[in-house]
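**Q** Below is work25.txt; it holds compact mmCIF, C-alpha atoms.
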```txt
# COMPACT_ATOMS: atom_id res chain seq x y z
CA MET A 1 -84.35 200.03 73.83
CA ALA A 2 -87.21 197.61 73.48
CA LEU A 3 -86.98 193.85 74.04
CA THR A 4 -86.95 192.00 70.70
CA LYS A 5 -86.80 188.40 69.50
CA ALA A 6 -83.04 188.73 69.02
CA GLU A 7 -82.51 189.48 72.71
CA MET A 8 -84.80 186.65 73.73
CA ALA A 9 -82.78 184.25 71.59
CA GLU A 10 -79.55 185.58 73.10
CA LYS A 11 -80.91 184.89 76.60
CA LEU A 12 -81.84 181.32 75.69
CA PHE A 13 -78.43 180.81 74.19
CA GLN A 14 -76.81 181.98 77.43
CA GLU A 15 -79.12 180.24 79.91
CA LEU A 16 -80.04 177.05 78.10
CA GLY A 17 -76.83 176.41 76.22
CA ILE A 18 -78.59 175.72 72.93
CA ASN A 19 -76.94 177.17 69.84
CA LYS A 20 -77.93 180.54 68.44
CA ARG A 21 -79.79 179.17 65.46
CA GLU A 22 -81.87 176.86 67.66
CA ALA A 23 -82.53 179.68 70.10
CA LYS A 24 -83.75 181.95 67.31
CA GLU A 25 -85.94 179.18 65.93
CA PHE A 26 -87.39 178.52 69.37
CA VAL A 27 -88.40 182.15 69.94
CA GLU A 28 -89.97 182.28 66.48
CA MET A 29 -91.91 179.09 67.20
CA PHE A 30 -93.03 180.33 70.60
CA PHE A 31 -94.85 183.30 69.08
CA GLU A 32 -96.06 181.23 66.14
CA GLU A 33 -97.79 178.77 68.47
CA VAL A 34 -99.52 181.63 70.29
CA ARG A 35 -100.62 183.17 66.98
CA GLY A 36 -101.77 179.77 65.73
CA ALA A 37 -103.91 179.15 68.82
CA LEU A 38 -105.54 182.57 68.51
CA GLU A 39 -106.10 181.99 64.80
CA ARG A 40 -107.92 178.75 65.64
CA GLY A 41 -110.16 180.69 67.99
CA ALA A 42 -108.55 179.57 71.24
CA GLN A 43 -107.81 181.84 74.18
CA VAL A 44 -104.17 181.75 75.37
CA LYS A 45 -103.35 181.81 79.07
CA LEU A 46 -99.75 182.31 80.13
CA SER A 47 -99.60 182.08 83.88
CA GLY A 48 -97.31 184.67 85.43
CA PHE A 49 -97.91 186.96 82.46
CA GLY A 50 -101.48 187.27 81.23
CA ASN A 51 -104.28 186.08 78.98
CA PHE A 52 -104.86 186.73 75.30
CA ASN A 53 -108.58 186.73 74.64
CA LEU A 54 -110.66 187.04 71.48
CA ARG A 55 -113.63 189.31 70.99
CA ASP A 56 -116.06 189.35 68.10
CA LYS A 57 -117.00 192.90 67.12
CA LYS A 58 -120.17 193.74 65.22
CA GLN A 59 -120.11 196.02 62.22
CA ARG A 60 -120.36 199.67 63.23
CA PRO A 61 -120.50 202.98 61.41
CA GLY A 62 -117.15 204.64 60.80
CA ARG A 63 -115.83 207.61 58.97
CA ASN A 64 -112.84 208.32 56.77
CA PRO A 65 -111.05 210.89 58.92
CA LYS A 66 -109.62 212.58 55.82
CA THR A 67 -112.70 212.94 53.67
CA GLY A 68 -115.40 212.73 56.33
CA GLU A 69 -117.08 210.09 54.21
CA GLU A 70 -119.12 207.49 56.10
CA ILE A 71 -117.94 203.91 55.66
CA PRO A 72 -118.99 200.95 57.79
CA ILE A 73 -116.28 199.28 59.90
CA THR A 74 -116.92 195.62 59.11
CA ALA A 75 -117.52 192.93 61.73
CA ARG A 76 -114.23 191.52 62.92
CA ARG A 77 -112.48 189.43 65.54
CA VAL A 78 -109.86 191.14 67.67
CA VAL A 79 -107.25 190.06 70.23
CA THR A 80 -107.24 191.63 73.67
CA PHE A 81 -104.59 191.18 76.35
CA HIS A 82 -105.34 191.05 80.04
CA PRO A 83 -102.28 191.15 82.26
CA GLY A 84 -102.39 188.76 85.20
CA GLN A 85 -102.32 189.82 88.86
CA LYS A 86 -98.65 188.99 89.18
CA LEU A 87 -97.57 191.07 86.17
CA LYS A 88 -99.82 193.97 87.17
CA ALA A 89 -98.32 194.03 90.64
CA ARG A 90 -94.77 193.95 89.27
CA VAL A 91 -95.45 196.75 86.80
CA GLU A 92 -97.29 198.86 89.35
CA ALA A 93 -94.23 198.74 91.56
CA TYR A 94 -92.32 200.43 88.76
CA ALA A 95 -91.74 203.99 89.92
CA GLY A 96 -91.66 205.64 86.53
CA THR A 97 -90.24 209.08 86.04
CA GLY A 98 -93.12 210.00 83.79
CA ASP A 99 -91.07 209.52 80.64
CA LEU A 100 -93.25 206.63 79.75
CA GLN A 101 -96.52 208.48 79.77
CA ASN A 102 -96.53 208.85 76.04
CA ALA A 103 -94.94 205.54 75.21
CA GLY A 104 -97.19 203.46 72.97
CA MET B 1 -104.21 177.09 75.40
CA THR B 2 -102.35 177.19 78.69
CA LYS B 3 -98.63 177.47 79.35
CA SER B 4 -98.34 173.70 79.85
CA GLU B 5 -100.18 173.03 76.57
CA LEU B 6 -97.84 175.45 74.84
CA ILE B 7 -94.86 173.58 76.32
CA GLU B 8 -96.32 170.30 75.05
CA LEU B 9 -96.87 171.64 71.53
CA LEU B 10 -93.38 173.09 71.34
CA SER B 11 -91.86 169.84 72.64
CA GLN B 12 -93.53 167.94 69.81
CA ARG B 13 -92.07 170.32 67.25
CA GLN B 14 -88.61 170.63 68.76
CA LYS B 15 -87.48 167.03 68.76
CA HIS B 16 -83.91 167.97 69.57
CA LEU B 17 -84.93 169.59 72.85
CA THR B 18 -86.15 167.63 75.85
CA SER B 19 -89.49 168.71 77.29
CA LYS B 20 -87.59 169.87 80.38
CA ASP B 21 -85.53 172.17 78.15
CA VAL B 22 -88.67 173.44 76.41
CA GLU B 23 -90.31 174.09 79.76
CA PHE B 24 -87.27 176.02 80.94
CA ALA B 25 -87.11 177.97 77.67
CA VAL B 26 -90.81 178.94 77.79
CA LYS B 27 -90.46 180.08 81.39
CA THR B 28 -87.30 182.02 80.54
CA VAL B 29 -89.02 183.85 77.67
CA ILE B 30 -92.06 184.73 79.79
CA GLU B 31 -89.93 185.85 82.72
CA GLN B 32 -87.79 188.02 80.46
CA MET B 33 -90.94 189.65 79.07
CA ALA B 34 -92.39 190.28 82.55
CA LYS B 35 -89.08 191.65 83.79
CA THR B 36 -88.78 193.97 80.80
CA LEU B 37 -92.21 195.48 81.39
CA SER B 38 -91.67 195.81 85.12
CA SER B 39 -88.49 197.77 84.45
CA GLY B 40 -90.49 200.18 82.32
CA GLU B 41 -89.24 198.93 78.97
CA ARG B 42 -91.26 198.03 75.87
CA ILE B 43 -91.41 194.69 74.03
CA GLU B 44 -91.61 194.66 70.22
CA ILE B 45 -92.24 191.42 68.35
CA ARG B 46 -92.71 191.93 64.63
CA GLY B 47 -95.81 190.14 63.33
CA PHE B 48 -97.08 189.52 66.85
CA GLY B 49 -97.40 192.87 68.56
CA SER B 50 -95.91 195.24 71.07
CA PHE B 51 -96.27 195.60 74.81
CA SER B 52 -95.87 198.92 76.52
CA LEU B 53 -96.95 200.60 79.72
CA HIS B 54 -99.85 203.01 79.93
CA TYR B 55 -100.03 205.55 82.70
CA ARG B 56 -103.11 205.80 84.91
CA PRO B 57 -103.20 209.18 86.69
CA PRO B 58 -103.89 209.42 90.43
CA ARG B 59 -107.57 209.44 91.34
CA MET B 60 -109.90 209.33 94.30
CA GLY B 61 -111.11 205.83 95.00
CA ARG B 62 -113.62 204.55 97.48
CA ASN B 63 -113.45 201.81 100.04
CA PRO B 64 -116.45 199.73 98.96
CA LYS B 65 -117.00 198.49 102.52
CA THR B 66 -116.99 201.78 104.35
CA GLY B 67 -117.75 204.21 101.52
CA GLU B 68 -114.75 206.21 102.63
CA SER B 69 -112.78 208.16 99.97
CA VAL B 70 -109.16 207.10 99.54
CA PRO B 71 -106.60 208.76 97.30
CA LEU B 72 -105.08 206.32 94.79
CA ALA B 73 -101.63 207.04 93.41
CA GLY B 74 -100.87 207.12 89.68
CA LYS B 75 -99.65 203.83 88.27
CA TYR B 76 -98.56 202.04 85.12
CA VAL B 77 -100.48 199.17 83.54
CA PRO B 78 -99.28 196.79 80.80
CA HIS B 79 -100.83 197.33 77.36
CA PHE B 80 -100.71 195.10 74.27
CA LYS B 81 -101.14 196.26 70.70
CA PRO B 82 -101.52 193.34 68.27
CA GLY B 83 -99.31 193.49 65.18
CA LYS B 84 -100.62 193.37 61.63
CA GLU B 85 -99.97 189.68 60.98
CA LEU B 86 -101.69 188.64 64.21
CA ARG B 87 -104.65 190.96 63.54
CA ASP B 88 -105.09 189.68 60.02
CA ARG B 89 -104.71 186.00 60.84
CA VAL B 90 -107.16 186.12 63.74
CA ASN B 91 -109.69 187.99 61.67
CA ILE B 92 -109.34 185.82 58.56
CA GLY B 93 -109.40 182.68 60.71
CA ALA B 94 -112.71 183.83 62.14
CA ALA B 95 -114.25 184.78 58.80
CA LYS B 96 -113.11 181.74 56.84
CA ASN B 97 -114.04 178.98 59.16
CA LYS B 98 -116.64 180.63 61.34
CA ILE B 99 -114.71 179.21 64.28
CA GLN B 100 -116.39 179.68 67.60
CA ILE B 101 -114.26 181.36 70.21
CA ASP B 102 -113.16 178.63 72.56
CA THR B 103 -113.42 179.93 76.07
CA SER B 104 -113.17 176.92 78.28
CA PRO B 105 -115.02 177.71 81.49
CA ASP B 106 -112.41 179.21 83.71
CA GLU B 107 -111.57 181.77 86.25
CA ASN B 108 -109.88 184.74 84.68
CA GLU B 109 -107.06 184.46 87.14
CA ASP B 110 -103.75 183.52 85.69
CA ASP B 111 -101.73 181.99 88.42
```
Written as structure tokens, how would this file's structure read?

**A**
Amino acid sequence: MALTKAEMAEKLFQELGINKREAKEFVEMFFEEVRGALERGAQVKLSGFGNFNLRDKKQRPGRNPKTGEEIPITARRVVTFHPGQKLKARVEAYAGTGDLQNAG
Amino acid sequence: MTKSELIELLSQRQKHLTSKDVEFAVKTVIEQMAKTLSSGERIEIRGFGSFSLHYRPPRMGRNPKTGESVPLAGKYVPHFKPGKELRDRVNIGAAKNKIQIDTSPDENEDD
């Protein structure tokens, strides 16, 4: 089971003692502020977790995989995530069983 | 935008929460996300994106000082896949306003 906004709100309700509606609203707003910053062209740095960076990509040739037709992939801006040292170290310590190899 | 700037922004919008509460809430959310990934679980936020772990197989590395070969074990690394809304908004934001990417001069270290 993946972590979702509902579980995050539940945690805030338990640990912060705010009501469920406020907790839900807070989680929604948290991600909206991050999206908003990225939309404005600002990098987002969450210490203890990682950085969300922006990269401008030039147009490049692409192909419709179905028809084989050549179509250019237009220039675009994309978000990249770089986990911080702390998160990387915590995840690395995870002794997976191998089940996760195909996850995502 | 840093974590403390995020806390400030959220405090301005959430008038019914003290900034101490907002700080605690932001840290709680981030810690829950980090804990989830380090226990091998995924995170799925609709409209934002999903975080999962990608496996890196074992490989031979090299000690850059001595040139000696060292076996490196397989490991998991966090991976983020932006969701559709985030992808679209970032891309449209860039196209519409020709906003320059704001990368304040900084170290890429996060803590």

**Q** Quick one: of B:Arg46, B:Asp21, B:Ser38, B:Pro57, who's nearest to Lys88 (chain A), counting only C-alpha atoms?

**A**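 Of all the options, B:Ser38 lies closest to Lys88 (chain A).
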
**Q** Please report, as a tab-separated table, each residue of region 15-108 of chain B lying at most 9 Å from region 33-39 of chain A, together with the nearest pair of atoms and the separation in Å rounded to one decimal; use only C-alpha atoms, and order rows by chain and ascending residue number.

**A**
```
residue	atom	partner	partner_atom	distance
B:Phe48	CA	A:Arg35	CA	7.3
B:Glu85	CA	A:Arg35	CA	8.9
B:Leu86	CA	A:Arg35	CA	6.2
B:Arg89	CA	A:Glu39	CA	5.8
B:Val90	CA	A:Glu39	CA	4.4
B:Asn91	CA	A:Glu39	CA	7.7
B:Ile92	CA	A:Glu39	CA	8.0
B:Gly93	CA	A:Glu39	CA	5.3
B:Ala94	CA	A:Glu39	CA	7.4
B:Ile101	CA	A:Leu38	CA	9.0
```

**Q** Return as a ChimeraX atom specification the residues belonging to chain A that are within 6 Å of chain B, counting all atoms listed in the file.

**A** /A:2-4,39,41-42,44-48,76-77,81,84,90-92,94,101,104

**Q** How far is it from CA of Gly50 (chain A) to CA of Val79 (chain A), in Å with one decimal?

**A**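 Computing the Euclidean distance for CA of Gly50 (chain A) and CA of Val79 (chain A) yields 12.7 Å.
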
**Q** CA of Ile73 (chain A) and CA of Asn51 (chain A), how far apart in Å?

**A** 26.1 Å

**Q** At what distance in Å, to one decimal, does CA of Gln85 (chain A) lie from CA of Lys5 (chain A)?

**A**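 Taking CA of Lys5 (chain A) as the start and CA of Gln85 (chain A) as the end point, the length is 24.9 Å.
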
**Q** Can you sort out the box for region 6-15 of chain A, edges along x, y and z, all listed atoms in, 3 Å on every side, with centre and edge lengths in Å to one decimal, as AutoDock Vina command-line options?

**A**
```
--center_x -80.8 --center_y 184.9 --center_z 74.5 --size_x 14.0 --size_y 15.2 --size_z 16.9
```

**Q** Measuring between only C-alpha atoms, which one of B:Ser11, B:Lys20, B:Lys65, B:Leu72 shows the shortest distance to Met29 (chain A)?

**A**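 Among the listed residues, B:Ser11 lies closest to Met29 (chain A).
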